[in-house]
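> Just dropping this structure here.
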Amino acid sequence: MRFFSALIACVTVLLASPGARASVASDTVRADVGGIDVVALRTSVQDVVNVVGSLPAGDDRSPIDDVMLATLTGAMLDKGTRAQDKFAIAQRLGGVGATLSFSVDTNTLEIRGRCLRKDLPMLIELMAEQLRSPAFSEQEFEKLKVQLQGAVRQQQQDTDFRAGDAFSRAIYPVGHPNRQPTAEQMLADMSKTTIAAVRQFHEKYYGPTGMRLVIVGDVDSVAAQAEVRKAFSGWTGGSLPPIATSVDAAAEARTEAVFMADKTSVSVVLGQATRLRFSDPDSLALRLGTRIFGSGFAGRLMANVRDKEGLTYGIGAFLSGDSFTDGDWRIQAAFAPTLLDKGLASTRRQLDAWHAEGITDAELARARSELAGTYQVGLATSAGMAGTILAMLNRGMPLEFVDEYPARVKAITRDEVNGAIRKHLDPATMTLVKAGTVGTAGAPAATQPPVETR
Amino acid sequence: MKRAIAAISMAVSLTAGPVPTQAADTPAAVPGFKYVRTVGSISEYTLEANGLTVLLMPDRSAPVVTFMVTYMVGSRNEVTGTTGATHLLEHLMFKGSDAFNDDKGNSVKQYLETVGGNYNATTWLDRTNYYAVVGKEFLEGYVAIEADRMRNLWLREEDRQREMTVVRNEFEQGENDPHQALDVQINAAAITAHPYHHSTIGWRSDIENVPIEKLRAFYDTFYWPNNATVSVIGDFEPAAVLNLIKKYYGPFPQSPQPIQTIYTAEPEQQGERRVTLRRAGELGIVGIAYKSVAGSDADFPALNMLGTILGSGKTSRFYKALTDTNLTLGATASAGFFHDPHLFQVYAFLAPGVEHSQVEKVVLEEIERIKKDGVSDAEVATALGKYKAATAYGRDGTFSIAGNLNESIAAGDWTLYYTVDDATAKVTAADIKRVANKYLDTKKSATGWFIPVPPEAAGAAK
């Protein structure tokens with residue numbers, strides 16, 4: 001499941017590029033280790049190693065009538081292996097303060113680990129064991145289902161989640177990976193998923209093919225790769241990410257209200273599908289224009305809707321969901337119910353002006369200057385650097401792109417930015433979703449059928 | 001399911017400062033500054049002209065600097081009618097001065113976003129901090145603006161009006177979350193006299209109505225050099241940065257009056273307290289708050305370790321007794337690290353169909369088990385391993401170091417950044433059993449239940 005927090009992270013990762021080194025690409029050691037793409041980079045941090053990875057076993061692999069299968073499979077990885085139970089694994093990790101987690105999003109199984117330098121071999125060994133030979137205990141599976149049912153229900157309390165969730169169904173057609181299933185479908189499908197189906201999913205999609213590991217921090221890159229080779233030796237299978245196809249999205253304006261009782265703030269999403277992927281030619285120009293419009297306190301949205309008019313605590317704009325497939329562009333904000341109409345009107349004024357008139361030379365100059373500084377500051381953490389490298393590689397970009405990114409952005413002209421805004425966005429056909437104590441109690445949360453098909 | 005899992009495993013961990021990453025530089029001799037001491041990698045100086053405290057931690061691993069000023073003013077300095085004022089004032093600190101403002105194109109946000117700085121400000125119970133991480137060549141420009149707003153802020157009524165609705169929306173967003181709303185209620189029930197009674201965001205009516213004159217009085221009481229600590233972490237030369245600080249902060253006098261101290265002490269609690277929050281929602285929450293100690297108290301490290309053993313990860317007591325049995329989606333325990341005695345808080349997030357009373361009973365049984373039988377040496381070793389690793393993770397970047405140092409400053413002694421580490425390493429199983437018995441006293445607790453009303457019922461009631 002792809003959620004807001006992940007989407008916001010996509011925005012920051014672009015500008016969280018590492019610096020303070022001649023070249024990330026040249027300092028990085030990269031190798032195919034038994035089919036796994038392993039990237040290692042030593043940084044100045046002392047004693048800490050961050051490991052992030054991905055495997056193309058995300059929700060887009062789930063069958064149309066079993067939408068939680070990928071999530072359930074990923075969540076079973078830390079419930080014990082054929083060699084040891086979950087408490088033994090937790091004790092080994094916890095005893096040295098190491099962390100290792102698996103989570104499933106729209107396109108991938110995400111792997112995140114962190115440990116002290118001395119514990120990296122153990123971390124990789126446990127990671128391999130959990131990925132390769134999960135126990136898939138029936139008892140643990142039934143426990144997990146209860147936990148996930150609770151988690152799905154808990155999400156329903158969150159206005160930000162509900163707005164983004166409904167937005168995905170409003171702008172993406174049935175069959176698009178970014179379209180989220182309803183809570184009702186998730187709960188219904190989960191109740192009938194079997195451990196046998198989980199085993200089959202694991203057998204089919206888990207393996208070195210398509211898997212990527214990025215190891216950054218106080219690490220001996222060559223030794224780390226040797227640890228990966230040892231731990232994953234003999235593992236076979238896996239699959240490359242599915243080839244994404246653009247699907248025609250809704251092209252007419254619509255407004256939806258998701259009624260939630262007793263909420264003091266209304267979450268709002270306004271946007272559209274773009275049919276753009278990160279790697280598409282116009283993507284960078286549109287990102288730069290969007291940054292000027294909707295990022296930071298000096299961006300147009302915050303400077304006007306918040307600072308000048310005092311209508312919201314937070315508002316921003318960003319592109320999302322475009323790493324593996326075509327994504328969307330959206331404004332995300334929150335307003336008091338009494339200021340909702342005024343806030344939306346102000347937001348639309350800014351949107352219309354930005355779309356019609358484009359960015360100015362001064363804004364472009366400031367954005368370029370900002371980028372130079374951010375490039376320098378963004379090196380600050382090894383965790384951030386690891387995430388940036390993985391995100392770029394998963395977007396189909398070469399490692400060199402991390403180094404070239406500032407120069408590429410600096411080369412973008414004002415005309416290119418304004419051309420991309422007008423070519424790919426149309427405020428007149430954007431979809432608006434409001435979630436909170438708005439609309440009518442008892443009205444359907446979204447005008448979608450209760451059962452999803454991909 | 002990333003977001004959901006994160007939401008149900010809200011482990012609150014307090015990470016004290018990292019161990020020294022490198023030897024401290026030789027103390028810089030700069031006229032106008034008094035060298036005070038060096039602990040770990042941090043050297044302390046005082047600007048003699050006005051009493052400003054300066055902490056320097058050179059770290060030349062990257063060409064960036066984190067500059068942070070911490071004012072010893074938080075929501076503990078507020079009274080009825082001004083709750084939330086510290087935070088509202090923090091927002092107004094971005095509205096400009098004669099020298100630096102939006103119209104001139106050199107406001108703090110315009111400058112920092114132009115140079116690509118990572119910046120913000122935060123307010124909490126004991127302190128307010130303003131910070132930026134910038135390329136080292138941009139440091140002086142930021143110090144000039146940051147120093148200027150210590151005494152030259154505009155503080156205009158029209159800005160208060162506009163910012164009030166911004167802050168009120170921040171309050172509203174917090175109230176949207178049942179956990180946050182319950183936390184406010186439990187704190188208010190647990191702490192009655194001390195100003196930790198109210199949350200940092202304040203009460204809605206105070207946010208809406210506090211007059212600009214009271215905000216001005218707040219500013220003129222607390223925003224002085226002798227009530228502030230400047231911390232600089234990163235790639236700089238100590239003498240050069242001290243001269244920079246003297247240049248921009250030196251012209252300000254110390255406060256005309258001594259900085260007010262808080263003399264209100266929480267009276268002894270003589271019986272358990274309970275609160276209930278009923279509103280639309282899906283799943284229940286049980287929270288229990290026990291009277292605890294200040295961050296500087298000798299018992300804090302043992303209480304912190306107790307929190308880890310009870311509520312951190314799959315090895316914890318609560319995971320095994322509550323989450324692995326499908327009574328909860330997650331359960332946490334933590335000791336607040338603050339200037340004055342605060343709370344040891346437990347939160348349990350109920351699984352579907354589980355009764356509050358059942359979860360509360362198990363929580364109390366687990367606590368009683370530790371009070372009676374203590375914890376094992378293996379549990380202590382695991383908790384210490386987690387602590388030491390978290391300490392190392394806190395070294396990953398100058399901003400992370402600043403964030404941890406900030407809380408030690410707020411607790412009243414920046415050297416806690418190091419000394420809590422030393423004390424934690426010495427905590428024994430006997431210490432943990434002792435503090436559990438001393439502080440986890442039901443008669444000195446406040447218990448809160450969030451009882452969700454089915455959305456349909458809540459909606460129909462409107």
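How things are named: the first chain in the structure tokens is A, the next is B, and so on; residues count from 1 in each chain; ligands count from 1 in the order shown.
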Any idea what's packed within 8 Å of region 240-242 of chain A, counting only C-alpha atoms, ignoring anything in its chain fewer than 2 positions away? Could you give it as a PyMOL selection string?

chain A and resi 56+107+209-210+238+244

> Show me, as an NGL selection string, every residue of chain B with an atom at most 6 Å from chain A, counting only C-alpha atoms.

:B and (1-2 or 4 or 61 or 113-116 or 162-163 or 165-166 or 169-170 or 172-173 or 176 or 280-282 or 314 or 329 or 351-352 or 382 or 385-386 or 389 or 396-397 or 455 or 458-459)

> Which residues in region 102-317 of chain B does DSSP call helix (DSSP H, G or I)? List them as a PyMOL selection string.

chain B and resi 108-114+136-151+157-175+178-190+195-197+204-209+212-222+225-227+238-249+300-311+317

> With C-alpha atoms retained, write the just-selected residues as a compact mmCIF listing (two decimals), in the first residue's frame.


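Done, and the output landed in result29.txt:
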```txt
# COMPACT_ATOMS: atom_id res chain seq x y z
CA VAL B 108 15.10 34.28 7.40
CA LYS B 109 13.08 31.92 5.21
CA GLN B 110 14.07 33.71 2.01
CA TYR B 111 17.74 33.66 2.93
CA LEU B 112 17.81 30.05 4.08
CA GLU B 113 15.82 28.75 1.14
CA THR B 114 18.04 30.65 -1.26
CA LYS B 136 29.72 26.66 5.98
CA GLU B 137 30.10 29.63 3.66
CA PHE B 138 26.51 30.66 4.43
CA LEU B 139 26.86 30.60 8.20
CA GLU B 140 27.47 34.30 8.76
CA GLY B 141 24.39 35.33 6.81
CA TYR B 142 22.23 33.11 9.00
CA VAL B 143 23.86 34.15 12.28
CA ALA B 144 23.17 37.79 11.40
CA ILE B 145 19.44 37.13 10.96
CA GLU B 146 19.14 34.76 13.90
CA ALA B 147 20.84 37.20 16.26
CA ASP B 148 18.81 40.13 14.99
CA ARG B 149 15.50 38.51 15.82
CA MET B 150 16.57 37.89 19.40
CA ARG B 151 15.81 41.53 20.20
CA GLU B 157 -0.94 42.64 15.66
CA GLU B 158 -1.69 41.99 11.99
CA ASP B 159 0.89 39.21 11.99
CA ARG B 160 -0.62 37.72 15.17
CA GLN B 161 -4.05 37.64 13.59
CA ARG B 162 -2.83 35.84 10.49
CA GLU B 163 -0.60 33.46 12.39
CA MET B 164 -3.22 32.67 15.01
CA THR B 165 -5.31 30.80 12.46
CA VAL B 166 -2.21 28.97 11.25
CA VAL B 167 -1.40 27.82 14.77
CA ARG B 168 -5.03 27.03 15.45
CA ASN B 169 -5.01 24.74 12.43
CA GLU B 170 -1.91 23.06 13.84
CA PHE B 171 -3.91 22.54 17.05
CA GLU B 172 -6.85 21.22 15.02
CA GLN B 173 -4.66 18.76 13.17
CA GLY B 174 -3.35 17.44 16.46
CA GLU B 175 -6.87 17.11 17.82
CA PRO B 178 -7.23 10.35 19.07
CA HIS B 179 -3.84 9.45 20.54
CA GLN B 180 -2.70 13.06 20.71
CA ALA B 181 -6.04 14.17 22.08
CA LEU B 182 -5.91 11.48 24.79
CA ASP B 183 -2.33 12.40 25.65
CA VAL B 184 -3.38 15.99 26.32
CA GLN B 185 -6.15 14.75 28.63
CA ILE B 186 -3.93 12.35 30.54
CA ASN B 187 -1.22 14.95 31.08
CA ALA B 188 -3.77 17.43 32.33
CA ALA B 189 -5.14 14.86 34.77
CA ALA B 190 -1.76 13.65 35.95
CA PRO B 195 2.59 24.10 34.23
CA TYR B 196 3.40 20.80 32.51
CA HIS B 197 -0.35 20.41 33.08
CA ARG B 204 -7.76 26.62 21.84
CA SER B 205 -9.27 29.71 23.46
CA ASP B 206 -5.84 30.94 24.54
CA ILE B 207 -4.42 30.44 21.05
CA GLU B 208 -7.29 32.47 19.64
CA ASN B 209 -7.32 35.29 22.16
CA ILE B 212 -0.17 40.86 21.20
CA GLU B 213 0.81 42.79 24.33
CA LYS B 214 1.17 39.56 26.27
CA LEU B 215 3.26 38.06 23.50
CA ARG B 216 5.43 41.16 23.56
CA ALA B 217 5.81 40.83 27.32
CA PHE B 218 6.76 37.18 26.84
CA TYR B 219 9.37 38.14 24.27
CA ASP B 220 10.75 40.91 26.46
CA THR B 221 10.98 38.57 29.41
CA PHE B 222 12.69 35.57 27.86
CA PRO B 225 21.31 36.45 25.59
CA ASN B 226 21.56 35.32 29.21
CA ASN B 227 18.56 33.03 28.67
CA PRO B 238 36.30 27.84 16.88
CA ALA B 239 37.99 31.21 17.08
CA ALA B 240 36.38 32.39 13.86
CA VAL B 241 32.91 31.29 14.89
CA LEU B 242 33.28 32.85 18.35
CA ASN B 243 34.18 36.15 16.70
CA LEU B 244 31.13 35.78 14.49
CA ILE B 245 28.90 35.22 17.50
CA LYS B 246 30.45 38.17 19.30
CA LYS B 247 29.90 40.38 16.27
CA TYR B 248 26.17 39.67 16.05
CA TYR B 249 25.13 38.80 19.61
CA PHE B 300 16.25 8.74 35.06
CA PRO B 301 18.61 6.28 33.29
CA ALA B 302 17.06 3.31 35.12
CA LEU B 303 13.55 4.51 34.29
CA ASN B 304 14.60 4.94 30.67
CA MET B 305 15.90 1.37 30.59
CA LEU B 306 12.70 0.18 32.24
CA GLY B 307 10.75 1.79 29.40
CA THR B 308 12.87 -0.09 26.86
CA ILE B 309 12.39 -3.42 28.60
CA LEU B 310 8.65 -2.89 28.86
CA GLY B 311 7.87 -1.48 25.47
CA ARG B 317 7.46 -7.51 27.94
```

> Which polymer residues have any atom within 9 Å of an atom of region 22-31 of chain A, counting only C-alpha atoms, with same-chain residues fewer than 5 positions away left out, as JSON, numbers by chain?

{"A": [36, 37, 38, 39, 40, 41, 42, 221, 222, 225, 398, 399, 400, 401, 402, 403]}

> Those residues with C-alpha atoms, as a CSV table (one decimal), in the first residue's frame please?


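File written: out.csv
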```csv
chain,number,residue,atom,x,y,z
A,36,ILE,CA,21.4,-9.0,-6.6
A,37,ASP,CA,22.4,-5.5,-7.6
A,38,VAL,CA,24.6,-4.5,-4.6
A,39,VAL,CA,25.8,-0.9,-4.2
A,40,ALA,CA,28.1,0.1,-1.4
A,41,LEU,CA,29.5,3.5,-0.4
A,42,ARG,CA,31.6,4.5,2.6
A,221,SER,CA,32.4,-1.9,0.5
A,222,VAL,CA,34.2,-5.0,-0.8
A,225,GLN,CA,29.6,-7.4,-0.9
A,398,PRO,CA,22.1,5.6,-13.6
A,399,LEU,CA,24.3,6.2,-10.5
A,400,GLU,CA,25.9,9.1,-12.3
A,401,PHE,CA,22.5,10.9,-12.2
A,402,VAL,CA,23.1,11.5,-8.5
A,403,ASP,CA,26.2,13.5,-9.3
```

> One decimal, Å: what's the distance from CA of Asp165 (chain A) over to CA of Asp326 (chain A), could you say?

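We find that CA of Asp165 (chain A) and CA of Asp326 (chain A) lie 17.1 Å from each other.
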
> Hey, what does DSSP flag as strand (DSSP E) within region 242-407 of chain B? Can you give it to me as a VMD selection string?

chain B and resid 273 to 280 285 to 291 328 to 335 343 to 350

> Tell me which protein, DNA and RNA residues are within 12 Å of region 132-134 of chain A, counting only C-alpha atoms, leaving out same-chain ones fewer than 3 positions away, and put them as an NGL selection string.

:A and (73-86 or 89 or 124-129 or 137-138 or 140-141 or 195 or 198-199 or 202-203 or 205-208 or 231-238)

> So that I can check the surroundings of Ala335 (chain B), please list as a PyMOL selection string every protein, DNA and RNA residue that reaches within 12 Å of it, counting only C-alpha atoms and ignoring chain neighbours fewer than 2 positions away.

chain B and resi 11-15+288-295+297+299-308+310-311+332-333+337-338+341-347+435-436+439-440

> Which region 124-181 of chain B residues have any atom within 8 Å of an atom of region 406-422 of chain B, and for each, what is the nearest pair of atoms with distance in Å to one decimal, counting only C-alpha atoms, rows sorted by chain and number, as a Markdown table?


```
| residue | atom | partner | partner_atom | distance |
| --- | --- | --- | --- | --- |
| B:Asp126 | CA | B:Ala410 | CA | 5.7 |
| B:Arg127 | CA | B:Ala410 | CA | 5.6 |
| B:Asn129 | CA | B:Asn406 | CA | 7.7 |
```

> Would you output that residue set with C-alpha atoms, as a compact mmCIF listing (two decimals), in the first residue's frame?


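Result went into out_2.txt, see below:
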```txt
# COMPACT_ATOMS: atom_id res chain seq x y z
CA ASP B 126 11.08 23.69 28.60
CA ARG B 127 12.60 25.37 25.57
CA ASN B 129 14.94 26.37 19.52
```

> Which residues, written as a list in words, have at least one atom at most 7 Å from Pro177 (chain A), with only C-alpha atoms counted and residues fewer than 2 positions away on the same chain left out?

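That gives Asp60, Thr106, Gly175 and Arg179 of chain A.
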
> Counting only C-alpha atoms, what is within 7 Å of Phe318 (chain A), bar same-chain residues fewer than 2 positions away, as a list in words?

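The residues satisfying every condition are Val11, Thr290, Gly294, Gly316, Ser320, Trp329, Arg330 and Ile331 of chain A.
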
> Emit the selected residues as a PDB file, in the first residue's frame, including C-alpha atoms.


```
ATOM      1  CA  VAL A  11       9.748  14.978  -2.744  1.00  0.00           C
ATOM      2  CA  THR A 290       6.392  22.367  -8.605  1.00  0.00           C
ATOM      3  CA  GLY A 294       4.676  24.232  -3.451  1.00  0.00           C
ATOM      4  CA  GLY A 316       2.446  21.841  -0.375  1.00  0.00           C
ATOM      5  CA  SER A 320       4.365  11.229  -6.652  1.00  0.00           C
ATOM      6  CA  TRP A 329       0.665  15.770  -9.292  1.00  0.00           C
ATOM      7  CA  ARG A 330      -1.095  16.979  -6.200  1.00  0.00           C
ATOM      8  CA  ILE A 331      -1.556  19.763  -3.707  1.00  0.00           C
TER       9      ILE A 331
END
```

> Out of B:Ile451, B:Leu327, B:Ala446, B:Ile233, which residue has the shortest atom-to-atom distance to Gln269 (chain B) when counting only C-alpha atoms?

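Nearest to Gln269 (chain B): B:Ala446.
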
> Just how far from CA of Gly74 (chain B) is CA of Arg274 (chain B), in Å to one decimal?

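Going from CA of Arg274 (chain B) over to CA of Gly74 (chain B) covers 26.8 Å.
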
> Would you work out the distance separating CA of Ile292 (chain A) from CA of Trp354 (chain A), expressed in Å to one decimal?

9.6 Å
